[in-house]
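*Asks:* Input file: protein-v4.txt. Contents: compact mmCIF, C-alpha atoms and all ligand atoms.
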```txt
# COMPACT_ATOMS: atom_id res chain seq x y z
CA MET Z 1 -14.26 -5.79 -17.92
CA ALA Z 2 -12.27 -4.87 -14.83
CA GLU Z 3 -8.83 -6.40 -14.42
CA LYS Z 4 -8.37 -9.16 -11.86
CA LEU Z 5 -5.87 -8.51 -9.07
CA LEU Z 6 -6.53 -11.77 -7.24
CA GLU Z 7 -7.91 -15.08 -8.41
CA ILE Z 8 -8.80 -17.47 -5.64
CA LYS Z 9 -9.31 -20.99 -6.90
CA ASN Z 10 -10.82 -23.78 -4.85
CA LEU Z 11 -8.97 -22.55 -1.76
CA LYS Z 12 -9.05 -24.85 1.26
CA GLN Z 13 -7.72 -24.44 4.76
CA HIS Z 14 -8.29 -27.42 7.01
CA PHE Z 15 -6.96 -27.56 10.57
CA ASP Z 16 -6.18 -30.93 12.10
CA THR Z 17 -6.78 -30.35 15.80
CA GLY Z 18 -5.95 -33.90 16.86
CA LYS Z 19 -9.62 -34.46 17.75
CA GLY Z 20 -10.80 -33.96 14.20
CA VAL Z 21 -10.39 -31.81 11.14
CA ILE Z 22 -11.92 -28.32 11.06
CA LYS Z 23 -12.70 -27.30 7.50
CA ALA Z 24 -12.38 -23.56 8.16
CA VAL Z 25 -12.16 -22.74 4.46
CA ASP Z 26 -13.58 -25.36 2.21
CA GLY Z 27 -13.31 -24.69 -1.49
CA LEU Z 28 -13.56 -20.96 -2.20
CA THR Z 29 -13.44 -19.67 -5.76
CA PHE Z 30 -13.76 -15.97 -6.48
CA ASP Z 31 -11.88 -13.06 -8.06
CA ILE Z 32 -11.03 -9.65 -6.66
CA TYR Z 33 -10.81 -6.86 -9.24
CA LYS Z 34 -8.27 -4.06 -9.23
CA GLY Z 35 -9.51 -1.05 -7.28
CA GLU Z 36 -12.61 -2.68 -5.84
CA THR Z 37 -13.66 -3.47 -2.29
CA LEU Z 38 -14.93 -6.98 -1.87
CA GLY Z 39 -16.81 -7.43 1.39
CA LEU Z 40 -16.68 -10.87 3.03
CA VAL Z 41 -19.47 -11.38 5.50
CA GLY Z 42 -20.65 -14.19 7.75
CA GLU Z 43 -21.18 -15.16 11.36
CA SER Z 44 -18.33 -15.75 13.79
CA GLY Z 45 -16.45 -18.95 13.00
CA CYS Z 46 -17.53 -19.25 9.35
CA GLY Z 47 -13.91 -18.91 8.20
CA LYS Z 48 -13.54 -15.25 7.18
CA SER Z 49 -10.29 -14.54 9.04
CA THR Z 50 -8.81 -17.84 7.94
CA THR Z 51 -9.65 -16.93 4.34
CA GLY Z 52 -7.82 -13.61 4.70
CA ARG Z 53 -4.84 -15.18 6.41
CA THR Z 54 -4.57 -17.94 3.83
CA ILE Z 55 -4.82 -15.53 0.88
CA ILE Z 56 -1.94 -13.51 2.30
CA ARG Z 57 -0.06 -16.71 3.12
CA LEU Z 58 0.08 -16.32 6.87
CA TYR Z 59 -1.08 -19.95 6.55
CA ASP Z 60 -0.06 -22.38 3.84
CA ALA Z 61 -3.18 -23.48 1.99
CA THR Z 62 -4.33 -27.06 2.41
CA ASP Z 63 -5.34 -26.97 -1.25
CA GLY Z 64 -6.14 -24.56 -4.05
CA GLU Z 65 -4.46 -21.50 -5.52
CA VAL Z 66 -4.24 -17.78 -4.91
CA LEU Z 67 -3.05 -15.86 -7.96
CA PHE Z 68 -1.88 -12.29 -7.40
CA ASN Z 69 -1.43 -10.47 -10.71
CA GLY Z 70 -1.37 -13.95 -12.24
CA GLU Z 71 1.37 -15.30 -9.92
CA ASN Z 72 0.66 -18.08 -7.44
CA VAL Z 73 1.20 -16.85 -3.87
CA HIS Z 74 1.31 -20.41 -2.56
CA GLY Z 75 3.55 -23.23 -3.74
CA ARG Z 76 7.35 -23.16 -3.46
CA LYS Z 77 8.69 -19.66 -3.02
CA SER Z 78 12.08 -18.21 -2.26
CA LYS Z 79 12.42 -15.79 0.68
CA ALA Z 80 12.83 -12.90 -1.77
CA GLU Z 81 9.63 -13.83 -3.61
CA LEU Z 82 7.70 -14.08 -0.33
CA LYS Z 83 9.03 -10.70 0.75
CA LYS Z 84 7.77 -9.22 -2.52
CA PHE Z 85 4.25 -10.58 -1.88
CA ASN Z 86 4.39 -9.41 1.74
CA ARG Z 87 4.98 -5.90 0.57
CA LYS Z 88 2.16 -5.92 -1.96
CA MET Z 89 -0.42 -7.47 0.41
CA GLN Z 90 -1.00 -5.97 3.83
CA MET Z 91 -3.45 -6.64 6.63
CA ILE Z 92 -5.34 -4.40 9.05
CA PHE Z 93 -6.62 -6.15 12.14
CA GLN Z 94 -9.79 -5.95 14.19
CA ASP Z 95 -8.28 -5.14 17.52
CA PRO Z 96 -6.19 -1.98 17.38
CA TYR Z 97 -5.19 -2.64 21.00
CA ALA Z 98 -3.73 -6.09 20.49
CA SER Z 99 -2.18 -5.53 17.07
CA LEU Z 100 0.17 -2.67 18.02
CA ASN Z 101 3.24 -3.44 20.11
CA PRO Z 102 2.77 -1.39 23.33
CA ARG Z 103 6.54 -0.95 23.80
CA MET Z 104 7.18 0.58 20.39
CA THR Z 105 6.70 4.23 19.49
CA VAL Z 106 4.21 5.07 16.80
CA ALA Z 107 7.10 6.02 14.49
CA ASP Z 108 8.76 2.62 14.92
CA ILE Z 109 5.45 0.80 14.44
CA ILE Z 110 4.73 2.65 11.21
CA ALA Z 111 8.30 2.37 9.96
CA GLU Z 112 8.65 -1.36 10.58
CA GLY Z 113 7.80 -2.25 6.97
CA ILE Z 114 9.88 0.66 5.65
CA ASP Z 115 12.88 -0.82 7.50
CA ILE Z 116 12.22 -4.44 6.46
CA HIS Z 117 11.88 -3.51 2.80
CA GLY Z 118 14.61 -0.86 2.81
CA LEU Z 119 12.29 1.88 1.57
CA ALA Z 120 14.15 4.79 3.17
CA LYS Z 121 17.82 5.58 2.53
CA THR Z 122 18.37 7.88 5.49
CA LYS Z 123 16.92 8.39 8.97
CA GLN Z 124 15.51 11.69 7.81
CA GLU Z 125 13.76 10.10 4.84
CA ARG Z 126 12.35 7.44 7.18
CA MET Z 127 10.94 10.07 9.54
CA ASN Z 128 9.59 12.16 6.68
CA LYS Z 129 7.71 9.12 5.45
CA VAL Z 130 6.33 8.53 8.96
CA TYR Z 131 5.20 12.17 9.27
CA SER Z 132 3.57 12.11 5.89
CA LEU Z 133 1.77 8.81 6.68
CA LEU Z 134 0.52 10.21 10.00
CA GLU Z 135 -0.97 13.17 8.15
CA THR Z 136 -2.44 10.93 5.47
CA VAL Z 137 -4.44 9.01 8.09
CA GLY Z 138 -5.60 12.14 9.91
CA LEU Z 139 -3.06 12.19 12.76
CA ASN Z 140 -0.11 14.58 13.05
CA ARG Z 141 3.65 14.48 13.34
CA GLU Z 142 3.62 15.21 17.09
CA HIS Z 143 2.15 11.73 17.51
CA ALA Z 144 5.28 10.02 16.18
CA ASN Z 145 7.11 9.65 19.48
CA ARG Z 146 4.14 8.54 21.55
CA TYR Z 147 3.09 5.00 22.49
CA PRO Z 148 -0.10 3.16 21.47
CA HIS Z 149 -1.74 3.40 24.93
CA GLU Z 150 -1.89 7.19 24.56
CA PHE Z 151 -4.42 6.89 21.74
CA SER Z 152 -8.13 6.16 21.42
CA GLY Z 153 -9.39 3.06 19.58
CA GLY Z 154 -10.13 5.02 16.41
CA GLN Z 155 -6.68 6.66 16.46
CA ARG Z 156 -5.01 3.31 16.99
CA GLN Z 157 -6.82 1.94 13.99
CA ARG Z 158 -5.47 4.92 12.01
CA ILE Z 159 -1.96 3.95 13.16
CA GLY Z 160 -2.62 0.39 11.95
CA ILE Z 161 -3.73 1.77 8.59
CA ALA Z 162 -0.59 3.97 8.35
CA ARG Z 163 1.56 0.93 9.11
CA ALA Z 164 -0.11 -1.01 6.29
CA LEU Z 165 0.22 1.91 3.85
CA ALA Z 166 3.90 2.46 4.65
CA VAL Z 167 5.08 -0.26 2.24
CA GLU Z 168 2.87 1.03 -0.61
CA PRO Z 169 0.75 -2.11 -0.99
CA ASP Z 170 -1.68 -2.83 -3.83
CA PHE Z 171 -4.01 -4.96 -1.73
CA ILE Z 172 -5.18 -4.65 1.88
CA ILE Z 173 -7.14 -7.20 3.85
CA ALA Z 174 -9.09 -5.40 6.55
CA ASP Z 175 -10.21 -8.01 9.09
CA GLU Z 176 -13.18 -6.46 10.90
CA PRO Z 177 -11.34 -3.13 11.15
CA ILE Z 178 -14.26 -1.29 12.71
CA SER Z 179 -15.97 -3.96 14.82
CA ALA Z 180 -14.15 -2.98 18.02
CA LEU Z 181 -14.82 0.75 17.58
CA ASP Z 182 -17.67 2.96 18.80
CA VAL Z 183 -20.40 3.36 16.22
CA SER Z 184 -19.67 7.08 15.97
CA ILE Z 185 -16.05 6.33 15.01
CA GLN Z 186 -16.84 3.50 12.58
CA ALA Z 187 -18.00 5.79 9.77
CA GLN Z 188 -14.87 7.94 10.11
CA VAL Z 189 -12.59 4.95 9.65
CA VAL Z 190 -14.66 3.68 6.71
CA ASN Z 191 -14.49 7.13 5.09
CA LEU Z 192 -10.74 7.28 5.62
CA MET Z 193 -10.36 3.86 3.99
CA LYS Z 194 -12.45 4.99 1.02
CA LYS Z 195 -10.38 8.15 0.61
CA LEU Z 196 -7.13 6.16 0.72
CA GLN Z 197 -8.51 3.72 -1.80
CA ARG Z 198 -9.20 6.53 -4.27
CA GLU Z 199 -5.87 8.25 -3.70
CA HIS Z 200 -3.67 5.15 -3.76
CA GLY Z 201 -5.63 2.90 -6.13
CA LEU Z 202 -5.97 0.26 -3.42
CA THR Z 203 -7.92 -2.97 -3.60
CA TYR Z 204 -9.60 -4.17 -0.40
CA LEU Z 205 -10.94 -7.37 1.03
CA PHE Z 206 -13.14 -6.06 3.83
CA ILE Z 207 -14.17 -8.66 6.40
CA ALA Z 208 -17.24 -8.09 8.58
CA HIS Z 209 -19.55 -10.26 10.67
CA ASP Z 210 -22.77 -8.52 9.72
CA LEU Z 211 -24.22 -6.61 6.82
CA SER Z 212 -24.75 -3.24 8.48
CA MET Z 213 -21.60 -1.20 7.67
CA VAL Z 214 -20.13 -3.33 4.91
CA LYS Z 215 -22.63 -1.92 2.43
CA TYR Z 216 -21.05 1.54 2.59
CA ILE Z 217 -17.64 0.39 1.56
CA SER Z 218 -18.11 -2.70 -0.62
CA ASP Z 219 -18.59 -2.80 -4.36
CA ARG Z 220 -19.42 -6.50 -4.17
CA ILE Z 221 -20.14 -8.75 -1.20
CA GLY Z 222 -19.49 -12.43 -0.67
CA VAL Z 223 -21.52 -14.14 2.03
CA MET Z 224 -19.74 -17.00 3.77
CA TYR Z 225 -21.28 -19.88 5.65
CA ARG Z 226 -19.32 -22.78 7.13
CA GLY Z 227 -16.21 -22.32 5.02
CA LYS Z 228 -18.01 -21.73 1.72
CA ILE Z 229 -19.38 -18.78 -0.24
CA VAL Z 230 -23.16 -19.09 -0.41
CA GLU Z 231 -23.86 -15.86 -2.31
CA LEU Z 232 -21.84 -13.25 -4.20
CA ALA Z 233 -23.19 -10.13 -5.89
CA THR Z 234 -22.77 -6.38 -6.11
CA SER Z 235 -23.72 -4.72 -2.81
CA GLU Z 236 -26.75 -3.10 -4.37
CA GLU Z 237 -28.00 -6.37 -5.83
CA LEU Z 238 -27.36 -8.31 -2.62
CA TYR Z 239 -29.37 -5.89 -0.47
CA ARG Z 240 -32.14 -5.49 -3.06
CA ASN Z 241 -32.49 -9.07 -4.13
CA PRO Z 242 -30.95 -11.56 -1.68
CA LEU Z 243 -31.52 -15.12 -2.89
CA HIS Z 244 -29.85 -17.44 -0.40
CA PRO Z 245 -31.85 -17.95 2.82
CA TYR Z 246 -28.70 -17.37 4.88
CA THR Z 247 -28.20 -13.94 3.28
CA LYS Z 248 -31.85 -13.16 4.00
CA ALA Z 249 -31.31 -14.11 7.64
CA LEU Z 250 -28.23 -11.86 7.89
CA LEU Z 251 -30.15 -8.97 6.35
CA SER Z 252 -33.03 -9.45 8.76
CA ALA Z 253 -30.59 -9.07 11.66
CA ILE Z 254 -29.36 -5.56 10.75
CA PRO Z 255 -30.57 -3.13 13.43
CA LEU Z 256 -32.98 -0.57 11.97
CA PRO Z 257 -32.86 3.10 12.97
CA ASP Z 258 -36.63 3.41 13.36
CA PRO Z 259 -37.63 1.86 16.73
CA ASP Z 260 -41.19 1.05 15.58
CA THR Z 261 -40.08 -0.85 12.51
CA GLU Z 262 -37.34 -2.45 14.57
CA ARG Z 263 -39.89 -3.75 17.11
CA THR Z 264 -42.32 -5.16 14.61
CA ARG Z 265 -40.11 -6.73 11.99
CA THR Z 266 -39.33 -10.41 12.08
CA ARG Z 267 -35.88 -11.88 12.32
CA GLN Z 268 -35.26 -14.81 10.04
CA VAL Z 269 -33.25 -17.72 11.34
CA TYR Z 270 -31.36 -19.83 8.84
CA ASP Z 271 -31.56 -23.59 9.11
CA ALA Z 272 -29.15 -25.37 6.75
CA ASN Z 273 -31.51 -28.37 6.77
CA GLU Z 274 -34.22 -26.43 4.99
CA HIS Z 275 -32.66 -27.22 1.60
CA ASN Z 276 -33.67 -30.41 -0.04
CA TYR Z 277 -30.45 -31.30 -1.79
CA ASN Z 278 -31.15 -35.05 -1.94
CA GLY Z 279 -27.48 -35.86 -1.71
CA GLU Z 280 -26.58 -33.39 -4.45
CA GLU Z 281 -23.61 -31.10 -3.70
CA PRO Z 282 -24.80 -27.47 -4.03
CA GLN Z 283 -22.79 -25.39 -6.53
CA LEU Z 284 -22.17 -21.66 -6.83
CA ARG Z 285 -24.25 -20.78 -9.90
CA GLU Z 286 -24.73 -17.48 -11.75
CA VAL Z 287 -28.43 -16.65 -11.48
CA THR Z 288 -28.25 -13.23 -13.13
CA PRO Z 289 -25.05 -11.65 -14.53
CA GLY Z 290 -22.61 -11.30 -11.63
CA HIS Z 291 -25.04 -12.65 -9.02
CA TYR Z 292 -23.93 -16.08 -7.78
CA VAL Z 293 -25.81 -18.32 -5.37
CA SER Z 294 -24.91 -21.68 -3.92
CA CYS Z 295 -27.82 -23.93 -4.84
CA SER Z 296 -28.94 -27.25 -6.26
CA GLU Z 297 -29.97 -27.77 -9.87
CA ALA Z 298 -33.65 -27.69 -8.84
CA GLU Z 299 -33.24 -24.50 -6.76
CA PHE Z 300 -31.41 -22.90 -9.68
CA LYS Z 301 -34.29 -23.73 -12.04
CA GLN Z 302 -36.71 -22.21 -9.57
CA MET Z 303 -34.66 -19.00 -9.28
CA THR Z 304 -34.18 -18.54 -13.02
CA LYS Z 305 -37.67 -19.38 -14.24
N1 LIG Z 401 -5.15 -21.95 13.82
C1 LIG Z 401 -6.27 -22.65 13.97
N2 LIG Z 401 -6.27 -23.93 14.40
C2 LIG Z 401 -7.40 -24.63 14.51
N3 LIG Z 401 -8.63 -24.15 14.24
C3 LIG Z 401 -8.72 -22.90 13.80
C4 LIG Z 401 -7.55 -22.07 13.65
N4 LIG Z 401 -7.96 -20.84 13.20
C5 LIG Z 401 -9.29 -20.91 13.07
N5 LIG Z 401 -9.76 -22.13 13.43
C6 LIG Z 401 -11.16 -22.57 13.40
O1 LIG Z 401 -11.61 -22.38 12.07
C7 LIG Z 401 -12.96 -21.91 12.06
C8 LIG Z 401 -13.05 -20.60 11.33
O2 LIG Z 401 -12.40 -19.59 12.10
P1 LIG Z 401 -12.21 -18.08 11.61
O3 LIG Z 401 -11.51 -17.33 12.71
O4 LIG Z 401 -11.60 -18.08 10.27
O5 LIG Z 401 -13.70 -17.59 11.50
P2 LIG Z 401 -14.26 -16.12 11.41
O6 LIG Z 401 -15.44 -16.21 10.53
O7 LIG Z 401 -13.20 -15.17 11.06
O8 LIG Z 401 -14.73 -15.85 12.89
P3 LIG Z 401 -14.52 -14.57 13.83
O9 LIG Z 401 -15.42 -13.52 13.27
O10 LIG Z 401 -14.96 -15.06 15.17
O11 LIG Z 401 -13.06 -14.24 13.74
C9 LIG Z 401 -13.39 -21.84 13.52
O12 LIG Z 401 -14.05 -23.04 13.84
C10 LIG Z 401 -12.08 -21.73 14.26
O13 LIG Z 401 -12.19 -22.26 15.56
```
Would you write the structure of this file as structure tokens?
Ligand SMILES: Nc1ncnc2c1ncn2[C@@H]1O[C@H](COP(=O)(O)OP(=O)(O)OP(=O)(O)O)[C@@H](O)[C@H]1O
*Replies:*
Amino acid sequence: MAEKLLEIKNLKQHFDTGKGVIKAVDGLTFDIYKGETLGLVGESGCGKSTTGRTIIRLYDATDGEVLFNGENVHGRKSKAELKKFNRKMQMIFQDPYASLNPRMTVADIIAEGIDIHGLAKTKQERMNKVYSLLETVGLNREHANRYPHEFSGGQRQRIGIARALAVEPDFIIADEPISALDVSIQAQVVNLMKKLQREHGLTYLFIAHDLSMVKYISDRIGVMYRGKIVELATSEELYRNPLHPYTKALLSAIPLPDPDTERTRTRQVYDANEHNYNGEEPQLREVTPGHYVSCSEAEFKQMTK
């Protein structure tokens, strides 16, 4: 059995907007194993980014726990303890334009974490680390003194990845890292992330809004709907045997390469009212080993018979 790096237990993140409470994350329980990529997929607004930000403690959780190597990330923490978690958990953002400070050189952007955590003893060591990181992500040392606007979207995302890697994290949350990029560039960034994962033993939470690219990087995929996980399985199992109607709808929306099949196939639309829960609260239940679906007792019986 693989070792758990993160254990997320009944995590909730509710926002009180003054006009009402938005339950962006509403009771998530799942584990992330060392060295795996867990994909988190769902439509815009279902709470994926908030989940990532709460796990990493950019937000204090409304309720629940996040254990990292068995230690609770939330709860009372000293500045030193928070700094330790910050180093071990990094984030890569969707928009490589907005997430890099336009007035900083690439070297200073990449070295920010090195400086904060005191990871280089001399200026030379700092620059050597920057050069080596640039090469690791497929850029080169001549790029160090340039500014973000001089780079393409794909190159900027590589800079964002180098910045995250600089502090030698164990866990990276990639929040739609390829959604803003041209399709031709997306696969390159995914391949780079896979290579880095192998070389550095990284664990990823990979957030995406649809199921098209996430398959190529994820070992397992969690499907999120309105702040909850509705299905969780290995990628292979989820694509081969989707059980929740929302997962089926997401799968039916993936563009197909063959124009004829694309024209004739039917898109499924999910309607949350189609379940007949009769007041019962659906639970995430294990239908086959490792394949979890949010369902009622009756739906579960149907699926397992
Ligand atoms: N800081 C905040 N204050 C209030 N509401 C918020 C805040 N952040 C997110 N929300 C709300 O929480 C819900 C979930 O948002 P979130 O950004 O996590 O979804 P998402 O699935 O990542 O969507 P997207 O793909 O569009 O980023 C949305 O209704 C959003 O408006």
*Asks:* Counting only C-alpha atoms and all ligand atoms, what are the residues of chain Z within 6 Å of ligand LIG 401 (chain Z), and for each of them which pair of atoms is the nearest and at what distance in Å, to one decimal? Sort the table by chain and rising number, as JSON lines.
*Replies:*
```
{"residue": "Z:Phe15", "atom": "CA", "partner": "Z:LIG401", "partner_atom": "C2", "distance": 4.9}
{"residue": "Z:Thr17", "atom": "CA", "partner": "Z:LIG401", "partner_atom": "C2", "distance": 5.9}
{"residue": "Z:Ala24", "atom": "CA", "partner": "Z:LIG401", "partner_atom": "O1", "distance": 4.2}
{"residue": "Z:Glu43", "atom": "CA", "partner": "Z:LIG401", "partner_atom": "O6", "distance": 5.9}
{"residue": "Z:Ser44", "atom": "CA", "partner": "Z:LIG401", "partner_atom": "O9", "distance": 3.7}
{"residue": "Z:Gly45", "atom": "CA", "partner": "Z:LIG401", "partner_atom": "O5", "distance": 3.4}
{"residue": "Z:Cys46", "atom": "CA", "partner": "Z:LIG401", "partner_atom": "O6", "distance": 3.9}
{"residue": "Z:Gly47", "atom": "CA", "partner": "Z:LIG401", "partner_atom": "O4", "distance": 3.2}
{"residue": "Z:Lys48", "atom": "CA", "partner": "Z:LIG401", "partner_atom": "O7", "distance": 3.9}
{"residue": "Z:Ser49", "atom": "CA", "partner": "Z:LIG401", "partner_atom": "O7", "distance": 3.6}
{"residue": "Z:Thr50", "atom": "CA", "partner": "Z:LIG401", "partner_atom": "O4", "distance": 3.6}
{"residue": "Z:His209", "atom": "CA", "partner": "Z:LIG401", "partner_atom": "O9", "distance": 5.9}
```
*Asks:* Can you work out the spacing between CA of Asn278 (chain Z) and CA of Ile22 (chain Z) in Å, to one decimal?
*Replies:*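 According to the coordinates, CA of Asn278 (chain Z) and CA of Ile22 (chain Z) are separated by 24.2 Å.
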*Asks:* Within 8 Å of region 25-37 of chain Z, counting all atoms listed in the file, which residues show up once you throw out same-chain ones fewer than 6 positions away? Write them as a ChimeraX atom specification, please.
*Replies:* /Z:2-14,47,50-51,64,197,201-206,217-220,226-229
*Asks:* Can you pull out the residues contacting Gly75 (chain Z)? Cut-off 12 Å, using only C-alpha atoms, and skip same-chain residues under 3 positions away; I want them as a list in words.
*Replies:*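 The filter keeps Arg57, Tyr59, Asp60, Ala61, Thr62, Asp63, Gly64, Glu65, Val66, Leu67, Glu71, Asn72, Ser78, Glu81 and Leu82 of chain Z.
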*Asks:* Around (9.5, -2.3, 2.4), as given in the file, which residues come within 10 Å? Count all atoms listed in the file and list them as a list in words.
*Replies:*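 The requested residues, written out, are Lys83, Lys84, Asn86, Arg87, Lys88, Ala111, Glu112, Gly113, Ile114, Asp115, Ile116, His117, Gly118, Leu119, Ala120, Ala166, Val167, Glu168 and Pro169 of chain Z.
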*Asks:* Within 9 Å of Met104 (chain Z), counting all atoms listed in the file, which residues show up once you throw out same-chain ones fewer than 6 positions away? Write them as a list in words, please.
*Replies:*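 In the requested form, the answer reads Arg146, Tyr147 and Pro148 of chain Z.
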*Asks:* Rounded to one decimal in Å, what is the spacing between CA of Ser99 (chain Z) and CA of Gly160 (chain Z)?
*Replies:*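 Atom-to-atom, CA of Ser99 (chain Z) and CA of Gly160 (chain Z) are spaced 7.8 Å apart.
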*Asks:* For Leu250 (chain Z), which residue out of Z:Thr264, Z:Arg53, Z:Val41, Z:Asp271 is the nearest one, using all atoms listed in the file?
*Replies:*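 Distance minimum relative to Leu250 (chain Z) lands on Z:Val41.
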*Asks:* Quick one: everything within 10 Å of Asp182 (chain Z), counting only C-alpha atoms, minus sequence neighbours fewer than 5 positions away in the same chain. Send it as a list in words.
*Replies:*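 Near neighbours after the sequence-gap exclusion: Gly153, Gly154 and Ala187 of chain Z.
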*Asks:* Figure out the distance between CA of Leu251 (chain Z) and CA of Phe93 (chain Z), please, to one decimal in Å.
*Replies:*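 Here the two named atoms are 24.4 Å from each other.
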*Asks:* Would you mind telling me which residue in Z:Ile172, Z:Gln155, Z:Glu199, Z:Gly52 lies nearest to Gln186 (chain Z) when using all atoms listed in the file?
*Replies:* Z:Gln155
